[in-house]
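**Q** Let me give you the structure first, and then I'll get to my questions.
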Amino acid sequence: MSVSLVYNPTLPDARKWAEKAQESFPNADLGTEPTDAERLVIFGGDGTVRSAINAKPDAEFAVVPCGSGNDFVKSVGIPSSPEEAIQIAKGKARPIDLVEYEGEKKGLFLNIAEIGFGARVVRHATKLKPLTGQKASYSLAILTALVGHRLSPISLEVDGKKVGDFHMANTLVANGQYFAGNMHPMPHARVDDGILEIAVLNDFTRWKILTQAHILKTGIPANHQRIQIFRGKEIYITSSEPVGVEADGDLLGNLPIRFTVRPGALQFVCP
């Protein structure tokens, strides 16, 4: 099997670990862009993985986490230690789900999309990152996004059926369980069940976002009075206003958008 070691050149440790991995993959190519190799071993974070999958969705993928959040790998049991992850990258691939999105942009993602407040945070963090660095930019972006926070009207369809109109702060569409580094909002999401988990956070004012932030770390409860939970294979969200969308830390534009799960569409190396 041909193997290519693909590292994100903007991450300080990514090239170091990719070069180290050449000991385990002596015949592998080393570079910063996906190739036509049968297996791509990605050294980076969630954004690096998403970009590579959109470029070469038919390849087998393995990931050695070198980013700031490394959220998706937590859902599939890949350790945070690059040294351990390199050993796992030599293993057998298994099928996991991909999510296709179609709105202002088209593409694929693996982990979690957000509509509303979360997208605004990503937009602010993108602007702040050159000034503050990756980790500080996200924390500061939450505060700056709160300044202009207001609820957004959305209409939600699940599997072709309208399930409601909501006045929401944020909506999560999840294939994976983790996001934002240390948060575990969607503990029931599974990457190989062909189903997306949706959580609509209704009527969350600035104060509610601050005081209820812990539920994003420990898991959104099924019986929260301000949160509606849905499950489905195809999600369509519209709004009468401009409402931003992000997936795996990348901005996708504004609503409307359609998410469709592609069961078992990606071959992924994990325990």
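Identifiers for the structure tokens are assigned positionally: chains receive A, B, ... in sequence, residues are indexed from 1 per chain, and ligands are indexed from 1 in the order shown.
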Would you please give, as number ranges by chain, all residues of segment 19-182 of chain A that DSSP assigns to helix (DSSP H, G or I) based on the backbone?

**A** A: 19-21, 46-55, 72-75, 82-88, 117-132, 134-147

**Q** Write out as JSON lines the residues of segment 32-134 of chain A that have any atom within 7 Å of an atom of segment 152-175 of chain A, one row each with the nearest atom pair and its distance in Å to one decimal, counting only C-alpha atoms, sorted by chain and then rising number.

**A**
{"residue": "A:Leu110", "atom": "CA", "partner": "A:Asn175", "partner_atom": "CA", "distance": 6.4}
{"residue": "A:Asn111", "atom": "CA", "partner": "A:Asn175", "partner_atom": "CA", "distance": 5.1}
{"residue": "A:Ile112", "atom": "CA", "partner": "A:Ala174", "partner_atom": "CA", "distance": 4.4}
{"residue": "A:Ala113", "atom": "CA", "partner": "A:Val173", "partner_atom": "CA", "distance": 5.1}
{"residue": "A:Glu114", "atom": "CA", "partner": "A:Leu172", "partner_atom": "CA", "distance": 4.7}
{"residue": "A:Ile115", "atom": "CA", "partner": "A:Thr171", "partner_atom": "CA", "distance": 5.0}
{"residue": "A:Gly116", "atom": "CA", "partner": "A:Asn170", "partner_atom": "CA", "distance": 4.7}
{"residue": "A:Phe117", "atom": "CA", "partner": "A:Asn170", "partner_atom": "CA", "distance": 5.1}
{"residue": "A:Gly118", "atom": "CA", "partner": "A:Asn170", "partner_atom": "CA", "distance": 6.4}

**Q** Counting only C-alpha atoms, what are the residues of segment 148-194 of chain A within 9 Å of segment 75-91 of chain A, and for each of them which pair of atoms is the nearest and at what distance in Å, to one decimal? Sort the table by chain and rising number, as JSON lines.

**A**
{"residue": "A:Gly176", "atom": "CA", "partner": "A:Ser75", "partner_atom": "CA", "distance": 5.8}
{"residue": "A:Gln177", "atom": "CA", "partner": "A:Ser75", "partner_atom": "CA", "distance": 5.8}
{"residue": "A:Tyr178", "atom": "CA", "partner": "A:Ser75", "partner_atom": "CA", "distance": 6.9}
{"residue": "A:Ala189", "atom": "CA", "partner": "A:Ser75", "partner_atom": "CA", "distance": 8.7}
{"residue": "A:Arg190", "atom": "CA", "partner": "A:Ser75", "partner_atom": "CA", "distance": 7.7}
{"residue": "A:Val191", "atom": "CA", "partner": "A:Ser75", "partner_atom": "CA", "distance": 7.5}

**Q** If we count only C-alpha atoms, what is near segment 10-25 of chain A at a cut-off of 10 Å, once residues fewer than 5 positions away on the same chain are taken out, given as an MDAnalysis selection string?

**A** chainID A and resid 2:5 30:32 41:45 64:68 82:83 85:87 89:90

**Q** A:Glu241, A:Lys56, A:Asp203, A:Ala62: which is nearest Gln225 of chain A, counting only C-alpha atoms?

**A** A:Asp203

**Q** Could you jot down the atom CA of Thr35 of chain A to atom CA of Ala265 of chain A separation for me, Å, one decimal place?

**A**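 Between atom CA of Thr35 of chain A and atom CA of Ala265 of chain A the gap works out to 19.1 Å.
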
**Q** Tell me, which residues of segment 152-265 of chain A carry DSSP strand (DSSP E or B), written as a ChimeraX atom specification?

**A** /A:152-158,161-174,179,183,196-202,227-232,234-238,244-247,250-254,257-265

**Q** Using only C-alpha atoms, pick whichever of A:Val49, A:Ala145, A:Asn27, A:Arg94 has the shortest atom-to-atom distance to Val6 of chain A.

**A** A:Val49
